[in-house]
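J.: First, the structure itself, so that you have it in front of you.
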Amino acid sequence: MYTVFLLVAVGASLFLGTVQQCCGPSKLQTYFDVLTFLPGGRGSTVTYNMSYDAVTKRVAYHVFGNSMQEDVDAIIDYRANMSYVWSEGVCDVSHANQFHEMCFPEGKLVRKSFMGVFPDIIKLNTYLISDDQGRYSFTIAKPCTPVEMERQQTDFLMLNRFYNMTLGIKNESVFTPPKICFKKESRISKTYETPLLYRAAAMFGQVP
């Protein structure tokens with residue numbers, strides 16, 4: 001049911017302990033694609049719709065399905081320490097663990113560019129970080145708005161591309177779990193689980 005989350009799990013815990021350069025907007029709604037490429041020409045694309053509220057410490061996702069995977073929805077309410085993930089009438093309920101803002105570490109500035117047509121342009125900065133595990137780059141616009149993130153290793157490449165982003169939360173109901181998550185047939189786990197899909201969104205931030 002939730003195998004789609006594994007596609008983005010590899011983005012977690014990349015920069016534990018690094019110095020923060022900036023943090024993204026406190027409230028936003030956006031789409032983003034996670035493109036994964038493996039040796040032999042194998043690849044996959046997963047599309048997300050995310051609502052992110054750092055003020056109230058809540059995140060909601062819709063993961064768009066395809067021929068191999070059904071649609072999946074998730075709400076992580078860190079204030080209440082609860083996580084809800086549901087699909088096809090079944091809801092998994094668990095604890096949410098600790099909230100982490102979507103932040104970006106200090107890196108080497110390797111490119112300045114812009115999007116749009118002058119004078120209606122958006123200036124972009126691309127930063128690079130290299131270590132023993134590979135190369136990591138991220139492109140952000142002011143004020144610290146994510147545009148693209150990339151992780152590259154010898155046998156692996158993952159791209160996160162953000163688009164159709166708006167500031168603020170248009171409808172607070174996106175953070176309300178459906179009724180099926182409060183029924184007896186919901187699968188409840190007493191263990192602490194940080195949902196993997198959020199960790200992908202914060203792949204260049206301070207994650208546990």
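Numbering starts fresh at 1 for the residues of each chain in the structure tokens, the chains themselves are lettered A, B, ... in the order given, and ligands are numbered from 1 as they appear.
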List the spatial neighbours of Pro39 of chain A as a PDB file with C-alpha atoms, in the first residue's frame - criterion: any atom at most 9 Å away, only C-alpha atoms, same-chain residues fewer than 4 positions off excluded.

T.:
```
ATOM      1  CA  GLY A  43      13.669   5.268 -13.383  1.00  0.00           C
ATOM      2  CA  ASP A 155      24.793   4.472  -9.077  1.00  0.00           C
ATOM      3  CA  PHE A 156      21.893   6.731  -8.157  1.00  0.00           C
TER       4      PHE A 156
END
```

J.: Near segment 70-80 of chain A, within 8 Å and counting only C-alpha atoms, which residues show up once chain neighbours fewer than 2 positions away are dropped, as a JSON list (two decimals) with N, CA and C atoms, in the first residue's frame?

T.:
```json
[["chain", "number", "residue", "atom", "x", "y", "z"],
["A", 1, "MET", "N", 0.81, -1.22, 0.00],
["A", 1, "MET", "CA", 0.00, 0.00, 0.00],
["A", 1, "MET", "C", 0.84, 1.26, 0.00],
["A", 2, "TYR", "N", 1.93, 1.26, 0.79],
["A", 2, "TYR", "CA", 2.70, 2.48, 0.94],
["A", 2, "TYR", "C", 4.11, 2.36, 0.38],
["A", 56, "THR", "N", 2.01, 25.88, 12.94],
["A", 56, "THR", "CA", 1.21, 24.93, 13.72],
["A", 56, "THR", "C", 1.78, 23.52, 13.67],
["A", 57, "LYS", "N", 2.91, 23.35, 12.98],
["A", 57, "LYS", "CA", 3.62, 22.07, 12.91],
["A", 57, "LYS", "C", 2.74, 20.96, 12.36],
["A", 58, "ARG", "N", 2.19, 21.22, 11.16],
["A", 58, "ARG", "CA", 1.37, 20.23, 10.47],
["A", 58, "ARG", "C", 1.77, 20.17, 9.00],
["A", 59, "VAL", "N", 1.73, 18.95, 8.44],
["A", 59, "VAL", "CA", 2.04, 18.73, 7.03],
["A", 59, "VAL", "C", 1.02, 17.75, 6.47],
["A", 60, "ALA", "N", 0.53, 18.03, 5.26],
["A", 60, "ALA", "CA", -0.41, 17.14, 4.59],
["A", 60, "ALA", "C", 0.10, 16.86, 3.18],
["A", 61, "TYR", "N", -0.12, 15.62, 2.71],
["A", 61, "TYR", "CA", 0.33, 15.21, 1.39],
["A", 61, "TYR", "C", -0.77, 14.47, 0.65],
["A", 62, "HIS", "N", -0.77, 14.64, -0.66],
["A", 62, "HIS", "CA", -1.47, 13.71, -1.55],
["A", 62, "HIS", "C", -0.44, 13.19, -2.53],
["A", 63, "VAL", "N", -0.29, 11.87, -2.59],
["A", 63, "VAL", "CA", 0.65, 11.24, -3.50],
["A", 63, "VAL", "C", -0.16, 10.65, -4.65],
["A", 64, "PHE", "N", 0.11, 11.14, -5.85],
["A", 64, "PHE", "CA", -0.66, 10.72, -7.02],
["A", 64, "PHE", "C", -0.23, 9.33, -7.46],
["A", 65, "GLY", "N", -1.20, 8.46, -7.66],
["A", 65, "GLY", "CA", -0.92, 7.09, -8.05],
["A", 65, "GLY", "C", -0.64, 6.97, -9.54],
["A", 66, "ASN", "N", -0.28, 5.75, -9.95],
["A", 66, "ASN", "CA", -0.05, 5.44, -11.35],
["A", 66, "ASN", "C", -0.45, 4.00, -11.59],
["A", 67, "SER", "N", -0.01, 3.41, -12.70],
["A", 67, "SER", "CA", -0.42, 2.05, -13.03],
["A", 67, "SER", "C", 0.10, 1.02, -12.03],
["A", 68, "MET", "N", 1.14, 1.39, -11.26],
["A", 68, "MET", "CA", 1.75, 0.46, -10.32],
["A", 68, "MET", "C", 1.38, 0.76, -8.87],
["A", 82, "MET", "N", 0.58, 12.88, 16.13],
["A", 82, "MET", "CA", -0.16, 11.85, 15.42],
["A", 82, "MET", "C", 0.13, 11.91, 13.92],
["A", 83, "SER", "N", 0.16, 10.74, 13.31],
["A", 83, "SER", "CA", 0.36, 10.61, 11.87],
["A", 83, "SER", "C", -0.74, 9.72, 11.30],
["A", 84, "TYR", "N", -1.34, 10.16, 10.18],
["A", 84, "TYR", "CA", -2.42, 9.42, 9.53],
["A", 84, "TYR", "C", -2.05, 9.22, 8.06],
["A", 85, "VAL", "N", -2.04, 7.98, 7.61],
["A", 85, "VAL", "CA", -1.75, 7.66, 6.21],
["A", 85, "VAL", "C", -2.84, 6.71, 5.72],
["A", 86, "TRP", "N", -3.53, 7.08, 4.63],
["A", 86, "TRP", "CA", -4.65, 6.26, 4.20],
["A", 86, "TRP", "C", -4.71, 6.12, 2.69],
["A", 87, "SER", "N", -5.32, 5.01, 2.27],
["A", 87, "SER", "CA", -5.52, 4.72, 0.86],
["A", 87, "SER", "C", -6.52, 3.58, 0.73],
["A", 88, "GLU", "N", -7.40, 3.67, -0.26],
["A", 88, "GLU", "CA", -8.37, 2.62, -0.56],
["A", 88, "GLU", "C", -9.15, 2.18, 0.67],
["A", 96, "ALA", "N", 3.89, 10.80, 15.48],
["A", 96, "ALA", "CA", 4.52, 11.64, 14.45],
["A", 96, "ALA", "C", 5.98, 11.93, 14.69],
["A", 97, "ASN", "N", 6.49, 11.66, 15.88],
["A", 97, "ASN", "CA", 7.88, 11.97, 16.20],
["A", 97, "ASN", "C", 8.09, 13.48, 16.23],
["A", 98, "GLN", "N", 9.31, 13.95, 15.97],
["A", 98, "GLN", "CA", 9.66, 15.36, 16.14],
["A", 98, "GLN", "C", 9.54, 16.15, 14.84],
["A", 99, "PHE", "N", 9.04, 17.38, 14.94],
["A", 99, "PHE", "CA", 8.90, 18.25, 13.77],
["A", 99, "PHE", "C", 10.23, 18.89, 13.40],
["A", 175, "PHE", "N", -5.76, 19.63, 6.84],
["A", 175, "PHE", "CA", -5.11, 19.02, 7.99],
["A", 175, "PHE", "C", -6.09, 18.21, 8.86],
["A", 176, "THR", "N", -7.30, 17.96, 8.36],
["A", 176, "THR", "CA", -8.29, 17.19, 9.10],
["A", 176, "THR", "C", -8.33, 15.76, 8.57],
["A", 177, "PRO", "N", -7.99, 14.76, 9.38],
["A", 177, "PRO", "CA", -8.02, 13.37, 8.91],
["A", 177, "PRO", "C", -9.45, 12.93, 8.58],
["A", 195, "PRO", "N", 7.15, 9.88, 9.03],
["A", 195, "PRO", "CA", 6.75, 9.49, 7.68],
["A", 195, "PRO", "C", 7.84, 9.81, 6.66]]
```

J.: Produce a table with one row for each residue of segment 14-77 of chain A that has an atom at most 8 Å from any atom of segment 135-148 of chain A, each row naming the nearest atom pair and its distance in Å at one decimal; use only C-alpha atoms; arrange rows by chain and rising residue number; format as a Markdown table.

T.:
```
| residue | atom | partner | partner_atom | distance |
| --- | --- | --- | --- | --- |
| A:Cys22 | CA | A:Cys144 | CA | 6.1 |
| A:Cys23 | CA | A:Cys144 | CA | 6.1 |
| A:Gly24 | CA | A:Cys144 | CA | 5.0 |
| A:Pro25 | CA | A:Thr145 | CA | 6.7 |
```

J.: Those residues with C-alpha atoms, as a PDB file, in the first residue's frame please?

T.:
```
ATOM      1  CA  CYS A  22      18.052  29.571   5.615  1.00  0.00           C
ATOM      2  CA  CYS A  23      14.636  28.023   6.133  1.00  0.00           C
ATOM      3  CA  GLY A  24      11.737  27.992   3.684  1.00  0.00           C
ATOM      4  CA  PRO A  25       8.430  29.879   4.034  1.00  0.00           C
TER       5      PRO A  25
END
```

J.: Suppose you want the space between atom CA of Pro105 of chain A and atom CA of Gln153 of chain A; what is it in Å?

T.: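 Rounded to one decimal, the two atoms are 19.0 Å apart.
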
J.: Quick one: of A:Val55, A:Val90, A:Ile169, A:Ile122, who's nearest to Met102 of chain A, counting only C-alpha atoms?

T.: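 Going through A:Val55, A:Val90, A:Ile169, A:Ile122 one by one, the smallest distance to Met102 of chain A is for A:Val55.
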
J.: Name the residues of segment 86-176 of chain A that come out as strand (DSSP E or B) in a backbone DSSP run; write them as a PyMOL selection string.

T.: chain A and resi 86-87+90-95+103-105+108-117+120-131+134-141+145-153+156-167

J.: Using only C-alpha atoms, find the one residue out of A:Met165, A:Ala54, A:Val46, A:Leu157 that sits nearest to Glu101 of chain A.

T.: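 Closest candidate: A:Ala54.
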
J.: Choose the residue, out of A:Met50, A:Arg42, A:Asp33, A:Phe118, that has the smallest atom-to-atom separation from Leu167 of chain A; count only C-alpha atoms.

T.: A:Met50

J.: Find the residue from A:Lys27, A:Gln21, A:Leu35, A:Phe114 that sits nearest to Leu159 of chain A; use only C-alpha atoms when measuring.

T.: A:Leu35

J.: Point out the residue among A:Tyr48, A:Gly134, A:Tyr31, A:Leu109 with the least atom-to-atom distance to Met158 of chain A, counting only C-alpha atoms.

T.: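 With only C-alpha atoms as the atom set, the closest residue is A:Gly134.
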
J.: Have a look at atom CA of Gly168 of chain A and atom CA of Arg151 of chain A and let me know their distance in Å, one decimal.

T.: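 Going from atom CA of Gly168 of chain A over to atom CA of Arg151 of chain A covers 28.1 Å.
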
J.: What is the distance between atom CA of Thr47 of chain A and atom CA of Phe32 of chain A, in Å to one decimal?

T.: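 For atom CA of Thr47 of chain A relative to atom CA of Phe32 of chain A, the distance reads 5.9 Å.
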